[in-house]
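Below: the structure, in structure tokens.
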Amino acid sequence: MRQPVIAIDGPAGAGKSTVAKLVAKALGYRYLDTGALYRAVAWKAIRNGLRPQDTHYIVDMTRHTRVELVQSDGEQRVLVDGEDVTEAIRAPEVGNLASPISAVPEVREVLLEWQREFGRQGATVAEGRDTGTVVFPDAAVKVFLTASLDERARRRHRELLERGIDIPFQQVKVDIEARDQRDSSRHVAPLRPAPDAVLIDTNNKTPDEVVEEVLKICRARFTSEATPST
Ligand code: DC
């Protein structure tokens, strides 16, 4: 039987991770952080001294990499070839390299299979950039979160400070803007809402309010599926 998927996409800092984790918890679904997979590949590329232009090596490296998302004490840990990189992949330089790497079609192809395999193993809340458009086009519910650039930069800045990473706000803003521009203009699977996605503007909303909106959409969808049409 096909397992239900809730796809939550949007640009950096739109609140996807916070919301997706809470929705997964509320529904008892598994949580798939697709960005973590791109970050894991970028982390290994940095470890191997590769640069964005070393496309051939990056593709080969990706095909020979094992990334695991494992649940531990209610938290998701990210393992690359058995090494725990959960914290390391959140470094800004990893995010900055993940973006050009994610524009390489062969890398996306490998990660597409990882993501679909995850989805086959159980009901999933997936968050990323193309989970509703490419990875899970048949997702039961598709949501696209947005927020203004300033608000997204503020959130990312705060998140980095909480991790002990102190980067000037303007730098965070410039990085996010450049990343969104690259993610939206790339050839393969660009960042854009699926035609059947529900757009939610998260400006001036608490995570709980956004989660409630998403759960409402899920309830409406699941109820209508359970009700036979006359
Ligand atoms: O969501 P994030 O910041 O962890 O994502 C890191 C990068 O990975 C982001 O710049 C674009 C890329 N990405 C992607 O191309 N497709 C996804 N489904 C998820 C992330």
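Each chain of the structure tokens is named A, B, ... in the order shown, its residues numbered from 1; ligands are numbered from 1 in display order.
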
**Report entry** Polymer residues at most 8 Å from stretch 38-46 of chain A, only C-alpha atoms, same-chain spacing of 4 or more positions, as a list in words
**Finding:**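 Once the nearby chain positions are removed, what remains is Thr34, Leu50, Arg51, Ile58, Met61, Thr62, Thr65, Val67, Val78, Val80, Val85, Ala88, Ile89, Arg90, Val94, Gly95, Leu97, Ala98, Ser99, Ile101, Ser102 and Leu111 of chain A.
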
Environment of ligand 1 within 8 Å, counting only C-alpha atoms and all ligand atoms, reported as a PDB file with N, CA, C and O atoms, in the first residue's frame:
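Output (pocket-v2.pdb):
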```pdb
ATOM      1  N   ASP A   9       7.077  22.598   1.424  1.00  0.00           N
ATOM      2  CA  ASP A   9       8.208  23.233   0.734  1.00  0.00           C
ATOM      3  C   ASP A   9       8.242  24.728   1.003  1.00  0.00           C
ATOM      4  O   ASP A   9       7.270  25.297   1.512  1.00  0.00           O
ATOM      5  N   PRO A  11      11.160  28.534   0.763  1.00  0.00           N
ATOM      6  CA  PRO A  11      12.546  29.030   0.798  1.00  0.00           C
ATOM      7  C   PRO A  11      13.170  28.921   2.190  1.00  0.00           C
ATOM      8  O   PRO A  11      12.475  28.583   3.151  1.00  0.00           O
ATOM      9  N   ALA A  12      14.455  29.218   2.275  1.00  0.00           N
ATOM     10  CA  ALA A  12      15.192  29.154   3.542  1.00  0.00           C
ATOM     11  C   ALA A  12      14.545  30.094   4.561  1.00  0.00           C
ATOM     12  O   ALA A  12      14.213  31.242   4.236  1.00  0.00           O
ATOM     13  N   GLY A  13      14.359  29.603   5.776  1.00  0.00           N
ATOM     14  CA  GLY A  13      13.858  30.450   6.858  1.00  0.00           C
ATOM     15  C   GLY A  13      12.348  30.659   6.856  1.00  0.00           C
ATOM     16  O   GLY A  13      11.835  31.450   7.644  1.00  0.00           O
ATOM     17  N   LYS A  16       9.878  25.890   7.628  1.00  0.00           N
ATOM     18  CA  LYS A  16       9.551  24.512   7.231  1.00  0.00           C
ATOM     19  C   LYS A  16       9.912  23.470   8.290  1.00  0.00           C
ATOM     20  O   LYS A  16       9.098  22.619   8.625  1.00  0.00           O
ATOM     21  N   SER A  17      11.155  23.541   8.808  1.00  0.00           N
ATOM     22  CA  SER A  17      11.609  22.492   9.735  1.00  0.00           C
ATOM     23  C   SER A  17      10.761  22.456  10.989  1.00  0.00           C
ATOM     24  O   SER A  17      10.280  21.396  11.397  1.00  0.00           O
ATOM     25  N   ASP A  33      13.738  15.379   6.517  1.00  0.00           N
ATOM     26  CA  ASP A  33      14.371  16.676   6.264  1.00  0.00           C
ATOM     27  C   ASP A  33      15.248  16.508   5.015  1.00  0.00           C
ATOM     28  O   ASP A  33      16.390  16.071   5.102  1.00  0.00           O
ATOM     29  N   THR A  34      14.691  16.848   3.845  1.00  0.00           N
ATOM     30  CA  THR A  34      15.437  16.601   2.599  1.00  0.00           C
ATOM     31  C   THR A  34      16.656  17.515   2.480  1.00  0.00           C
ATOM     32  O   THR A  34      17.657  17.140   1.888  1.00  0.00           O
ATOM     33  N   GLY A  35      16.571  18.721   3.060  1.00  0.00           N
ATOM     34  CA  GLY A  35      17.717  19.634   3.033  1.00  0.00           C
ATOM     35  C   GLY A  35      18.924  19.027   3.741  1.00  0.00           C
ATOM     36  O   GLY A  35      20.071  19.251   3.350  1.00  0.00           O
ATOM     37  N   ALA A  36      18.640  18.225   4.779  1.00  0.00           N
ATOM     38  CA  ALA A  36      19.731  17.592   5.531  1.00  0.00           C
ATOM     39  C   ALA A  36      20.523  16.642   4.627  1.00  0.00           C
ATOM     40  O   ALA A  36      21.737  16.476   4.812  1.00  0.00           O
ATOM     41  N   LEU A  37      19.850  16.051   3.646  1.00  0.00           N
ATOM     42  CA  LEU A  37      20.546  15.129   2.737  1.00  0.00           C
ATOM     43  C   LEU A  37      21.524  15.918   1.848  1.00  0.00           C
ATOM     44  O   LEU A  37      22.676  15.511   1.650  1.00  0.00           O
ATOM     45  N   TYR A  38      21.045  17.065   1.321  1.00  0.00           N
ATOM     46  CA  TYR A  38      21.936  17.905   0.497  1.00  0.00           C
ATOM     47  C   TYR A  38      23.085  18.455   1.341  1.00  0.00           C
ATOM     48  O   TYR A  38      24.218  18.552   0.889  1.00  0.00           O
ATOM     49  N   ARG A  39      22.754  18.816   2.583  1.00  0.00           N
ATOM     50  CA  ARG A  39      23.795  19.333   3.477  1.00  0.00           C
ATOM     51  C   ARG A  39      24.814  18.241   3.802  1.00  0.00           C
ATOM     52  O   ARG A  39      26.019  18.513   3.916  1.00  0.00           O
ATOM     53  N   ARG A  90      24.863  22.037   9.973  1.00  0.00           N
ATOM     54  CA  ARG A  90      24.130  23.300  10.125  1.00  0.00           C
ATOM     55  C   ARG A  90      25.030  24.513   9.959  1.00  0.00           C
ATOM     56  O   ARG A  90      24.555  25.650   9.995  1.00  0.00           O
ATOM     57  N   GLY A  95      25.612  25.016   4.277  1.00  0.00           N
ATOM     58  CA  GLY A  95      24.394  25.448   3.584  1.00  0.00           C
ATOM     59  C   GLY A  95      24.728  26.147   2.280  1.00  0.00           C
ATOM     60  O   GLY A  95      24.076  25.937   1.256  1.00  0.00           O
ATOM     61  N   ASN A  96      25.765  26.969   2.309  1.00  0.00           N
ATOM     62  CA  ASN A  96      26.137  27.714   1.103  1.00  0.00           C
ATOM     63  C   ASN A  96      26.648  26.788   0.004  1.00  0.00           C
ATOM     64  O   ASN A  96      26.431  27.050  -1.176  1.00  0.00           O
ATOM     65  N   LEU A  97      27.305  25.696   0.370  1.00  0.00           N
ATOM     66  CA  LEU A  97      27.774  24.754  -0.662  1.00  0.00           C
ATOM     67  C   LEU A  97      26.644  23.803  -1.083  1.00  0.00           C
ATOM     68  O   LEU A  97      26.603  23.357  -2.235  1.00  0.00           O
ATOM     69  N   ALA A  98      25.715  23.522  -0.148  1.00  0.00           N
ATOM     70  CA  ALA A  98      24.598  22.618  -0.481  1.00  0.00           C
ATOM     71  C   ALA A  98      23.786  23.180  -1.645  1.00  0.00           C
ATOM     72  O   ALA A  98      23.279  22.419  -2.474  1.00  0.00           O
ATOM     73  N   SER A  99      23.691  24.499  -1.716  1.00  0.00           N
ATOM     74  CA  SER A  99      22.863  25.117  -2.753  1.00  0.00           C
ATOM     75  C   SER A  99      23.417  24.843  -4.170  1.00  0.00           C
ATOM     76  O   SER A  99      22.694  24.290  -5.003  1.00  0.00           O
ATOM     77  N   PRO A 100      24.685  25.180  -4.490  1.00  0.00           N
ATOM     78  CA  PRO A 100      25.189  24.835  -5.834  1.00  0.00           C
ATOM     79  C   PRO A 100      25.226  23.330  -6.092  1.00  0.00           C
ATOM     80  O   PRO A 100      24.969  22.885  -7.207  1.00  0.00           O
ATOM     81  N   ILE A 101      25.516  22.546  -5.050  1.00  0.00           N
ATOM     82  CA  ILE A 101      25.558  21.089  -5.234  1.00  0.00           C
ATOM     83  C   ILE A 101      24.164  20.568  -5.602  1.00  0.00           C
ATOM     84  O   ILE A 101      24.019  19.662  -6.428  1.00  0.00           O
ATOM     85  N   SER A 102      23.144  21.193  -5.011  1.00  0.00           N
ATOM     86  CA  SER A 102      21.783  20.711  -5.271  1.00  0.00           C
ATOM     87  C   SER A 102      21.305  21.064  -6.677  1.00  0.00           C
ATOM     88  O   SER A 102      20.247  20.615  -7.102  1.00  0.00           O
ATOM     89  N   ALA A 103      22.088  21.880  -7.395  1.00  0.00           N
ATOM     90  CA  ALA A 103      21.724  22.210  -8.779  1.00  0.00           C
ATOM     91  C   ALA A 103      22.300  21.194  -9.758  1.00  0.00           C
ATOM     92  O   ALA A 103      22.041  21.265 -10.962  1.00  0.00           O
ATOM     93  N   ARG A 108      20.930  15.238  -7.691  1.00  0.00           N
ATOM     94  CA  ARG A 108      19.494  15.202  -7.379  1.00  0.00           C
ATOM     95  C   ARG A 108      18.916  13.821  -7.653  1.00  0.00           C
ATOM     96  O   ARG A 108      18.060  13.343  -6.931  1.00  0.00           O
ATOM     97  N   GLU A 127       9.971  17.762   4.128  1.00  0.00           N
ATOM     98  CA  GLU A 127      10.142  19.206   3.927  1.00  0.00           C
ATOM     99  C   GLU A 127      11.347  19.471   3.045  1.00  0.00           C
ATOM    100  O   GLU A 127      12.347  18.753   3.117  1.00  0.00           O
ATOM    101  N   GLY A 128      11.206  20.491   2.175  1.00  0.00           N
ATOM    102  CA  GLY A 128      12.336  20.812   1.303  1.00  0.00           C
ATOM    103  C   GLY A 128      11.989  21.882   0.290  1.00  0.00           C
ATOM    104  O   GLY A 128      11.344  22.895   0.622  1.00  0.00           O
ATOM    105  N   ARG A 129      12.443  21.691  -0.935  1.00  0.00           N
ATOM    106  CA  ARG A 129      12.199  22.666  -1.990  1.00  0.00           C
ATOM    107  C   ARG A 129      11.339  22.077  -3.103  1.00  0.00           C
ATOM    108  O   ARG A 129      10.602  22.788  -3.758  1.00  0.00           O
ATOM    109  N   ASP A 130      11.441  20.761  -3.319  1.00  0.00           N
ATOM    110  CA  ASP A 130      10.749  20.136  -4.457  1.00  0.00           C
ATOM    111  C   ASP A 130      10.005  18.875  -4.031  1.00  0.00           C
ATOM    112  O   ASP A 130       9.776  17.997  -4.841  1.00  0.00           O
ATOM    113  N   THR A 131       9.655  18.770  -2.743  1.00  0.00           N
ATOM    114  CA  THR A 131       9.022  17.517  -2.312  1.00  0.00           C
ATOM    115  C   THR A 131       7.609  17.398  -2.900  1.00  0.00           C
ATOM    116  O   THR A 131       7.170  16.301  -3.208  1.00  0.00           O
ATOM    117  N   VAL A 135       9.609  15.093  -5.898  1.00  0.00           N
ATOM    118  CA  VAL A 135       9.884  13.875  -5.116  1.00  0.00           C
ATOM    119  C   VAL A 135       8.601  13.084  -4.867  1.00  0.00           C
ATOM    120  O   VAL A 135       8.549  11.875  -5.108  1.00  0.00           O
ATOM    121  N   ARG A 179      20.991  32.359  -1.906  1.00  0.00           N
ATOM    122  CA  ARG A 179      20.610  30.947  -1.936  1.00  0.00           C
ATOM    123  C   ARG A 179      19.238  30.769  -2.594  1.00  0.00           C
ATOM    124  O   ARG A 179      19.058  29.895  -3.440  1.00  0.00           O
ATOM    125  N   ASP A 180      18.290  31.626  -2.205  1.00  0.00           N
ATOM    126  CA  ASP A 180      16.944  31.539  -2.792  1.00  0.00           C
ATOM    127  C   ASP A 180      16.999  31.785  -4.289  1.00  0.00           C
ATOM    128  O   ASP A 180      16.321  31.128  -5.064  1.00  0.00           O
ATOM    129  N   ARG A 182      19.504  31.253  -6.305  1.00  0.00           N
ATOM    130  CA  ARG A 182      20.090  30.080  -6.972  1.00  0.00           C
ATOM    131  C   ARG A 182      19.107  28.910  -6.984  1.00  0.00           C
ATOM    132  O   ARG A 182      18.922  28.249  -8.003  1.00  0.00           O
ATOM    133  N   ASP A 183      18.452  28.674  -5.846  1.00  0.00           N
ATOM    134  CA  ASP A 183      17.529  27.539  -5.745  1.00  0.00           C
ATOM    135  C   ASP A 183      16.309  27.722  -6.659  1.00  0.00           C
ATOM    136  O   ASP A 183      15.741  26.739  -7.139  1.00  0.00           O
ATOM    137  N   ALA A 189      14.361  20.908 -10.973  1.00  0.00           N
ATOM    138  CA  ALA A 189      13.580  21.000  -9.743  1.00  0.00           C
ATOM    139  C   ALA A 189      13.757  22.341  -9.025  1.00  0.00           C
ATOM    140  O   ALA A 189      14.132  22.391  -7.858  1.00  0.00           O
ATOM    141  N   PRO A 190      13.488  23.461  -9.713  1.00  0.00           N
ATOM    142  CA  PRO A 190      13.654  24.757  -9.037  1.00  0.00           C
ATOM    143  C   PRO A 190      12.657  24.921  -7.896  1.00  0.00           C
ATOM    144  O   PRO A 190      11.620  24.250  -7.882  1.00  0.00           O
ATOM    145  N   LEU A 191      13.030  25.798  -6.965  1.00  0.00           N
ATOM    146  CA  LEU A 191      12.138  26.096  -5.844  1.00  0.00           C
ATOM    147  C   LEU A 191      10.908  26.820  -6.375  1.00  0.00           C
ATOM    148  O   LEU A 191      11.008  27.930  -6.881  1.00  0.00           O
TER     149      LEU A 191
END
```

**Report entry** Expected answer as a VMD selection string: alpha helix (DSSP H) residues in stretch 29-71 of chain A
**Finding:** chain A and resid 34 to 47 55 to 63

Query - Per-residue DSSP, stretch 64-140 of chain A, filtered to strand (DSSP E), as a list in words - result: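 The strand (DSSP E) residues within stretch 64-140 of chain A come out as Val67, Glu68, Leu69, Val70, Gln71, Ser72, Glu75, Gln76, Arg77, Val78, Leu79, Val80, Glu83, Asp84, Thr124, Val125, Ala126, Glu127 and Gly128 of chain A.
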
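Here atom CA of A:Glu83 is placed at a distance of 12.2 Å from atom CA of A:Arg47.
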
Query - Neighbour list for stretch 197-207 of chain A as a ChimeraX atom specification, cut-off 9 Å, only C-alpha atoms, skip fewer than 5 positions in-chain - result: /A:7-8,14-15,18-19,22,132-133,141-148,151-152,212-214,217

Query raised in the report: Taking only C-alpha atoms into account, which of A:Asp84, A:Glu225, A:Glu75, A:Glu162 comes nearest A:Arg30?
Result: A:Glu75
